[in-house]
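To keep things clear, I will list the structure first and then write my remarks on it.
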Amino acid sequence: MAVQTEKSNRFLNFINGEWVASDTNEVITNRNPANTDDVVGQVQKSSLEDLNNAVAAAKTAKKEWKNLSGAARGQYLFKAADILESRQEEVAECMTREMGKTYPEAKGETARGVAILRYYAGEGMRKVGDVIPSSDSEALMFTTRAPLGVVGVITPWNFPVAIPVWKTAPALIYGNTIVLKPASEAAVTCGKVMECLQEAGIPAGVINMVTGPGSVIGQGLAEHPDVNGITFTGSNKVGKNIGQTALARGAKYQLEMGGKNPVIVASDADLDLAVDATISGGLKSTGQKCTATSRVIVQSDVYETFKEKLVAKVKEISVGDGMKEGTWMGPSVSETQLNTVLSYIEKGKEEGTLLCGGEKLSGEEYEKGYFVAPTVFDDITTDATIAQEEIFGPVLALMKVDDLEEAIELANDVEYGLSASIFTTNIQKMLSFIDDMDAGLVRINAESAGVELQAPFGGMKQSSSHSREQGEAAKEFFTSIKTVFVK
Ligand SMILES: NC(=O)C1=CN([C@@H]2O[C@H](COP(=O)(O)OP(=O)(O)OC[C@H]3O[C@@H](n4cnc5c(N)ncnc54)[C@H](OP(=O)(O)O)[C@@H]3O)[C@@H](O)[C@H]2O)C=CC1
Ligand SMILES: O=C(O)CCC(=O)C(=O)O
């Protein structure tokens with residue numbers, strides 16, 4: 001057994017209450033996407049053997065954890081929240097250095113992690129079932145909920161604190177034990193979250209973290225016969241494979257995947273508000289959110305004015321190292337992600353008219369990072385690749401329509417259905433949009449990104465496995481209903 005160096009950025013696996021080195025003796029080294037000379041930290045490149053140990057620990061711990069009261073489990077989460085809060089700046093700095101989002105955004109995300117922990121800590125004291133009148137007047141019938149058992153948690157790099165927390169906290173409060181496999185690209189930051197849970201004193205085996213390649217550790221979790229449920233956020237390709245693997249062995253699964261989120265700007269919209277929200281929704285976090293705006297559908301009578309205002313503001317965006325004061329947008333998370341974005345930009349140049357951006361940034365400030373200019377395309381039609389595929393980068397595609405009916409038709413003309421916005425001052429248009437838009441999150445006069453922890457989150461169509469996370473909805477995944485009849 002090795003010892004985790006206190007507050008270092010070199011993480012071992014966390015298994016059965018101890019920090020242990022992988023039996024591979026190999027590590028993954030993460031570098032700053034804003035400056036690749038900056039080594040942020042290291043995590044273990046684990047093997048299936050490590051994973052098996054973690055699952056075994058979680059399996060052994062599940063009975064005792066489940067038998068605690070919800071209130072007692074909640075106390076651990078309250079404590080973890082306080083610890084994470086006290087480490088907010090350190091965790092946020094690590095996040096910015098590891099995956100590139102700006103420091104204010106990273107601080108905001110860490111604060112959100114704290115709030116999620118507190119929300120679910122309180123959930124331990126709330127009701128878990130209903131009394132249902134039995135047809136037998138002498139019987140008592142009610143529902144209660146049972147945890148799934150061991151839950152595998154597979155998370156992406158774009159929200160390295162919020163997503164692991166919004167999956168882990170409800171899993172724990174409803175009595176499950178977990179094995180977390182964070183995205184390799186942001187695993188150091190996630191290791192810090194695990195440290196906070198550990199410091200809160202959660203009993204050995206209840207929380208475990210194993211880092212390493214998705215194809216080994218992620219797939220291993222999906223296949224493991226002792227993992228009773230899998231919760232995943234990431235790409236559609238990987239998500240669907242995880243879902244099929246879990247289904248084949250009868251495990252419960254929940255998938256949150258891509259988006260191709262539209263904003264509709266109606267002729268009666270407050271255009272300045274719509275411009276600001278399109279920029280914030282589309283380009284914050286370098287467009288690396290599943291809820292990011294990527295299609296901007298504008299009614300023809302305000303199209304030119306909106307376009308002019310949008311492009312003028314996009315050109316003002318300061319791109320740079322997210323730790324530098326004044327930076328509005330950081331780099332792409334990795335060279336692979338940057339190249340994906342650049343290849344979509346090249347495609348966009350064939351499919352439409354480039355209005356601004358459209359290139360990898362060069363110059364001293366940018367030469368050691370993965371920086372791309374915020375990019376806007378004009379004249380994009382719905383069949384264009386950049387109007388159909390998730391880019392996960394700072395790229396907006398403008399599309400012109402004559403009326404709201406055509407706008408909603410276009411907005412729905414993709415395989416995804418995660419989030420959608422409309423800007424309008426007309427109540428009838430709002431109601432039509434709410435009714436006809438096929439998306440799990442429908443937002444009026446607000447940007448497409450922006451998820452509230454107390455409300456259900458998830459998509460329609462190919463964006464999710466039709467389940468919902470967060471808020472009370474989390475209970476549906478992390479528990480099974482038990483109907484009880486007593487006489
Ligand atoms: N919906 C969302 O929020 C997100 C969507 N994406 C989309 O996905 C694209 C690619 O990003 P990427 O990070 O590669 O996303 P992935 O779907 O590959 O990664 C998400 C998580 O799944 C793991 N994983 C990878 N391969 C497997 C596998 N075969 N079995 C089980 N788990 C696996 C990853 O591990 P590891 O990191 O070790 O590979 C990571 O923990 C982005 O461009 C974007 O379009 C990406 C992130 C979040
Ligand atoms: O918009 C948000 O805050 C969350 C988005 C999200 O879940 C994601 O990008 O994976």
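Every chain in the structure tokens takes a letter, A first, then B, and so on in the order presented; its residues are numbered from 1, and the ligands are numbered from 1 following the presented order.
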### Task
Would you kindly return, as number ranges by chain, each protein, DNA or RNA residue with an atom no farther than 8 Å from any atom of A:Thr231, considering only C-alpha atoms and excluding same-chain residues fewer than 5 positions away?
A: 151-154, 167, 253-255
Could the residues in this selection be saved with C-alpha atoms as a PDB file, in the first residue's frame?
```pdb
ATOM      1  CA  VAL A 151     -22.966   1.884  -8.874  1.00  0.00           C
ATOM      2  CA  GLY A 152     -20.319   2.521 -11.541  1.00  0.00           C
ATOM      3  CA  VAL A 153     -19.902   6.233 -12.246  1.00  0.00           C
ATOM      4  CA  ILE A 154     -18.225   7.215 -15.540  1.00  0.00           C
ATOM      5  CA  LYS A 167     -23.859  11.450  -9.797  1.00  0.00           C
ATOM      6  CA  TYR A 253     -28.015   2.250 -16.750  1.00  0.00           C
ATOM      7  CA  GLN A 254     -28.375   5.941 -17.311  1.00  0.00           C
ATOM      8  CA  LEU A 255     -26.724   7.837 -20.169  1.00  0.00           C
TER       9      LEU A 255
END
```
### Task
Pick out the residues no farther than 9 Å from ligand 2, counting only C-alpha atoms and all ligand atoms, and list them as a list in words.
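Counting only what the definition allows, namely only C-alpha atoms and all ligand atoms, the set is Glu109, Thr155, Pro156, Trp157, Asn158, Phe159, Ala162, Ile163, Thr233, Gly234, Glu256, Met257, Gly258, Gly259, Gly281, Gln288, Lys289, Cys290, Thr291, Ala292, Ser448, Ala449, Gly450, Val451, Glu452, Leu453, Phe457 and Gly458 of chain A.
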Taking N, CA and C atoms for each residue, export the selection above as a compact mmCIF listing (two decimals), in the first residue's frame.
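part.txt, written as the output of this step:
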```
# COMPACT_ATOMS: atom_id res chain seq x y z
N GLU A 109 -18.13 26.45 -10.75
CA GLU A 109 -18.47 25.01 -10.80
C GLU A 109 -18.18 24.33 -9.45
N THR A 155 -17.48 9.51 -15.82
CA THR A 155 -17.72 10.94 -16.01
C THR A 155 -16.80 11.55 -17.07
N PRO A 156 -17.22 12.67 -17.67
CA PRO A 156 -16.43 13.34 -18.70
C PRO A 156 -15.51 14.42 -18.10
N TRP A 157 -14.76 15.06 -18.98
CA TRP A 157 -13.78 16.04 -18.52
C TRP A 157 -14.33 17.46 -18.45
N ASN A 158 -15.51 17.69 -19.03
CA ASN A 158 -15.93 19.10 -19.18
C ASN A 158 -16.48 19.74 -17.90
N PHE A 159 -16.98 18.90 -16.98
CA PHE A 159 -17.38 19.40 -15.65
C PHE A 159 -16.76 18.45 -14.63
N ALA A 162 -18.59 19.14 -11.00
CA ALA A 162 -20.06 19.09 -10.91
C ALA A 162 -20.62 17.72 -11.31
N ILE A 163 -20.12 17.16 -12.41
CA ILE A 163 -20.75 15.90 -12.87
C ILE A 163 -20.42 14.73 -11.92
N THR A 233 -21.86 10.05 -18.38
CA THR A 233 -22.00 11.24 -19.22
C THR A 233 -20.81 11.30 -20.15
N GLY A 234 -21.07 11.53 -21.43
CA GLY A 234 -19.97 11.62 -22.41
C GLY A 234 -20.52 11.52 -23.81
N GLU A 256 -26.14 10.19 -20.26
CA GLU A 256 -26.33 11.59 -20.71
C GLU A 256 -25.29 11.84 -21.77
N MET A 257 -25.75 12.19 -22.96
CA MET A 257 -24.79 12.25 -24.08
C MET A 257 -24.82 13.61 -24.77
N GLY A 258 -24.84 13.60 -26.08
CA GLY A 258 -24.59 14.86 -26.79
C GLY A 258 -25.78 15.78 -26.92
N GLY A 259 -25.49 16.93 -27.53
CA GLY A 259 -26.52 17.90 -27.85
C GLY A 259 -26.16 18.64 -29.13
N GLY A 281 -24.10 31.17 -24.00
CA GLY A 281 -24.51 29.78 -24.14
C GLY A 281 -23.65 28.99 -25.11
N GLN A 288 -17.60 23.77 -24.81
CA GLN A 288 -17.47 22.36 -24.42
C GLN A 288 -18.50 21.97 -23.35
N LYS A 289 -19.76 22.18 -23.69
CA LYS A 289 -20.85 21.77 -22.80
C LYS A 289 -21.85 21.02 -23.66
N CYS A 290 -22.46 20.00 -23.09
CA CYS A 290 -23.48 19.31 -23.90
C CYS A 290 -24.70 20.19 -24.09
N THR A 291 -24.83 21.22 -23.26
CA THR A 291 -25.95 22.16 -23.39
C THR A 291 -25.59 23.41 -24.20
N ALA A 292 -24.39 23.44 -24.77
CA ALA A 292 -23.93 24.66 -25.48
C ALA A 292 -24.80 24.94 -26.71
N SER A 448 -29.08 28.52 -23.66
CA SER A 448 -29.37 27.08 -23.67
C SER A 448 -28.63 26.33 -22.57
N ALA A 449 -27.46 26.82 -22.16
CA ALA A 449 -26.73 26.18 -21.06
C ALA A 449 -27.24 26.76 -19.75
N GLY A 450 -26.91 26.09 -18.65
CA GLY A 450 -27.36 26.62 -17.36
C GLY A 450 -28.33 25.65 -16.74
N VAL A 451 -27.76 24.77 -15.94
CA VAL A 451 -28.56 23.70 -15.37
C VAL A 451 -28.71 23.97 -13.88
N GLU A 452 -29.91 23.81 -13.35
CA GLU A 452 -30.10 24.03 -11.91
C GLU A 452 -30.14 22.68 -11.20
N LEU A 453 -29.38 22.58 -10.13
CA LEU A 453 -29.16 21.29 -9.48
C LEU A 453 -30.42 20.67 -8.89
N PHE A 457 -32.62 16.98 -15.12
CA PHE A 457 -31.75 17.30 -16.25
C PHE A 457 -31.60 16.07 -17.13
N GLY A 458 -31.81 16.26 -18.43
CA GLY A 458 -31.64 15.14 -19.36
C GLY A 458 -32.30 15.49 -20.67
```
### Task
Could you tell me, as a PyMOL selection string, which residues of stretch 8-187 of chain A DSSP assigns to strand (DSSP E) when given the backbone?
chain A and resi 13-15+18-20+27-32+35-44+140-147+150-154+177-181
Written selection (C-alpha atoms) as a PDB file, in the first residue's frame:
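File written: out-v4.pdb
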```pdb
ATOM      1  CA  ASN A  13      -6.442   4.969  -6.820  1.00  0.00           C
ATOM      2  CA  PHE A  14      -8.810   5.173  -3.872  1.00  0.00           C
ATOM      3  CA  ILE A  15      -9.908   1.668  -2.946  1.00  0.00           C
ATOM      4  CA  GLU A  18      -6.920   3.705   1.115  1.00  0.00           C
ATOM      5  CA  TRP A  19      -4.888   5.355  -1.604  1.00  0.00           C
ATOM      6  CA  VAL A  20      -3.198   2.552  -3.515  1.00  0.00           C
ATOM      7  CA  VAL A  27       0.715   6.738 -14.681  1.00  0.00           C
ATOM      8  CA  ILE A  28      -1.137   9.221 -16.866  1.00  0.00           C
ATOM      9  CA  THR A  29       0.426  12.695 -16.809  1.00  0.00           C
ATOM     10  CA  ASN A  30      -1.908  15.633 -17.394  1.00  0.00           C
ATOM     11  CA  ARG A  31      -0.662  18.895 -18.846  1.00  0.00           C
ATOM     12  CA  ASN A  32      -2.235  22.323 -19.008  1.00  0.00           C
ATOM     13  CA  ASN A  35       0.530  25.758 -21.776  1.00  0.00           C
ATOM     14  CA  THR A  36       1.707  22.217 -22.310  1.00  0.00           C
ATOM     15  CA  ASP A  37       4.983  22.900 -20.461  1.00  0.00           C
ATOM     16  CA  ASP A  38       2.918  23.026 -17.277  1.00  0.00           C
ATOM     17  CA  VAL A  39       2.501  19.550 -15.777  1.00  0.00           C
ATOM     18  CA  VAL A  40      -0.653  19.618 -13.676  1.00  0.00           C
ATOM     19  CA  GLY A  41      -0.491  16.192 -12.103  1.00  0.00           C
ATOM     20  CA  GLN A  42      -0.603  12.456 -12.449  1.00  0.00           C
ATOM     21  CA  VAL A  43      -3.090   9.656 -11.970  1.00  0.00           C
ATOM     22  CA  GLN A  44      -2.802   5.890 -12.159  1.00  0.00           C
ATOM     23  CA  LEU A 140     -51.282  -1.405   5.144  1.00  0.00           C
ATOM     24  CA  MET A 141     -49.757  -0.900   1.724  1.00  0.00           C
ATOM     25  CA  PHE A 142     -46.893   1.477   1.032  1.00  0.00           C
ATOM     26  CA  THR A 143     -43.857   1.983  -1.163  1.00  0.00           C
ATOM     27  CA  THR A 144     -40.289   2.304  -0.025  1.00  0.00           C
ATOM     28  CA  ARG A 145     -37.052   2.427  -1.982  1.00  0.00           C
ATOM     29  CA  ALA A 146     -34.030   0.155  -2.073  1.00  0.00           C
ATOM     30  CA  PRO A 147     -30.584   1.188  -3.348  1.00  0.00           C
ATOM     31  CA  VAL A 150     -22.774  -0.961  -6.349  1.00  0.00           C
ATOM     32  CA  VAL A 151     -22.966   1.884  -8.874  1.00  0.00           C
ATOM     33  CA  GLY A 152     -20.319   2.521 -11.541  1.00  0.00           C
ATOM     34  CA  VAL A 153     -19.902   6.233 -12.246  1.00  0.00           C
ATOM     35  CA  ILE A 154     -18.225   7.215 -15.540  1.00  0.00           C
ATOM     36  CA  THR A 177     -21.710   2.387  -2.824  1.00  0.00           C
ATOM     37  CA  ILE A 178     -19.723   3.616  -5.815  1.00  0.00           C
ATOM     38  CA  VAL A 179     -16.750   3.038  -8.060  1.00  0.00           C
ATOM     39  CA  LEU A 180     -15.918   6.242  -9.919  1.00  0.00           C
ATOM     40  CA  LYS A 181     -13.966   6.282 -13.163  1.00  0.00           C
TER      41      LYS A 181
END
```
### Per-residue DSSP, stretch 98-221 of chain A, filtered to helix (DSSP H, G or I), as an MDAnalysis selection string
chainID A and resid 98:99 103:123 162:173 184:199 214:221
May I have the selected residues written with C-alpha atoms, as an mmCIF file, in the first residue's frame?
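Output (result29.cif):
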```cif
data_model
loop_
_atom_site.group_PDB
_atom_site.id
_atom_site.type_symbol
_atom_site.label_atom_id
_atom_site.label_comp_id
_atom_site.auth_asym_id
_atom_site.auth_seq_id
_atom_site.Cartn_x
_atom_site.Cartn_y
_atom_site.Cartn_z
ATOM 1 C CA GLU A 98 -6.138 20.726 -16.150
ATOM 2 C CA MET A 99 -8.995 21.264 -18.607
ATOM 3 C CA TYR A 103 -10.857 30.386 -13.257
ATOM 4 C CA PRO A 104 -14.136 32.245 -12.491
ATOM 5 C CA GLU A 105 -16.057 29.474 -14.257
ATOM 6 C CA ALA A 106 -14.070 26.830 -12.379
ATOM 7 C CA LYS A 107 -14.780 28.558 -9.068
ATOM 8 C CA GLY A 108 -18.456 28.703 -9.960
ATOM 9 C CA GLU A 109 -18.466 25.010 -10.798
ATOM 10 C CA THR A 110 -16.775 24.117 -7.510
ATOM 11 C CA ALA A 111 -19.361 26.170 -5.609
ATOM 12 C CA ARG A 112 -22.020 24.286 -7.534
ATOM 13 C CA GLY A 113 -20.427 21.018 -6.365
ATOM 14 C CA VAL A 114 -20.737 22.247 -2.769
ATOM 15 C CA ALA A 115 -24.401 23.149 -3.290
ATOM 16 C CA ILE A 116 -25.153 19.752 -4.873
ATOM 17 C CA LEU A 117 -23.584 17.950 -1.908
ATOM 18 C CA ARG A 118 -25.712 19.986 0.482
ATOM 19 C CA TYR A 119 -28.871 19.436 -1.554
ATOM 20 C CA TYR A 120 -28.464 15.655 -1.489
ATOM 21 C CA ALA A 121 -27.334 15.678 2.141
ATOM 22 C CA GLY A 122 -30.761 17.160 2.944
ATOM 23 C CA GLU A 123 -32.434 14.559 0.746
ATOM 24 C CA ALA A 162 -20.060 19.088 -10.910
ATOM 25 C CA ILE A 163 -20.747 15.903 -12.865
ATOM 26 C CA PRO A 164 -18.925 13.460 -10.557
ATOM 27 C CA VAL A 165 -20.676 15.160 -7.619
ATOM 28 C CA TRP A 166 -24.146 15.184 -9.179
ATOM 29 C CA LYS A 167 -23.859 11.450 -9.797
ATOM 30 C CA THR A 168 -22.011 10.445 -6.626
ATOM 31 C CA ALA A 169 -23.991 12.460 -4.065
ATOM 32 C CA PRO A 170 -27.428 11.004 -4.949
ATOM 33 C CA ALA A 171 -25.942 7.515 -5.345
ATOM 34 C CA LEU A 172 -24.595 7.740 -1.799
ATOM 35 C CA ILE A 173 -27.558 9.374 -0.119
ATOM 36 C CA SER A 184 -8.535 10.761 -17.881
ATOM 37 C CA GLU A 185 -8.177 14.351 -19.079
ATOM 38 C CA ALA A 186 -9.566 15.776 -15.821
ATOM 39 C CA ALA A 187 -8.848 13.003 -13.331
ATOM 40 C CA VAL A 188 -6.540 15.060 -11.107
ATOM 41 C CA THR A 189 -9.313 17.548 -10.340
ATOM 42 C CA CYS A 190 -11.689 14.667 -9.702
ATOM 43 C CA GLY A 191 -9.120 13.144 -7.336
ATOM 44 C CA LYS A 192 -9.473 16.274 -5.211
ATOM 45 C CA VAL A 193 -13.223 15.761 -4.981
ATOM 46 C CA MET A 194 -12.561 12.196 -3.858
ATOM 47 C CA GLU A 195 -10.183 13.527 -1.189
ATOM 48 C CA CYS A 196 -12.972 15.743 0.167
ATOM 49 C CA LEU A 197 -15.297 12.743 0.421
ATOM 50 C CA GLN A 198 -12.548 10.743 2.105
ATOM 51 C CA GLU A 199 -11.800 13.535 4.594
ATOM 52 C CA GLY A 214 -11.993 4.341 -20.697
ATOM 53 C CA SER A 215 -11.725 1.296 -22.926
ATOM 54 C CA VAL A 216 -10.331 -0.722 -19.985
ATOM 55 C CA ILE A 217 -11.752 0.732 -16.766
ATOM 56 C CA GLY A 218 -14.971 2.225 -18.172
ATOM 57 C CA GLN A 219 -15.771 -0.836 -20.242
ATOM 58 C CA GLY A 220 -14.725 -3.053 -17.313
ATOM 59 C CA LEU A 221 -17.253 -1.301 -15.066
#
```
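Distance-wise, atom CA of A:Gly243 and atom CA of A:Ile386 end up 26.6 Å apart.
Comparing A:Val484, A:Ala71, A:Leu51, A:Ile408 by their smallest distance to A:Glu223, the closest is A:Leu51 (using only C-alpha atoms).
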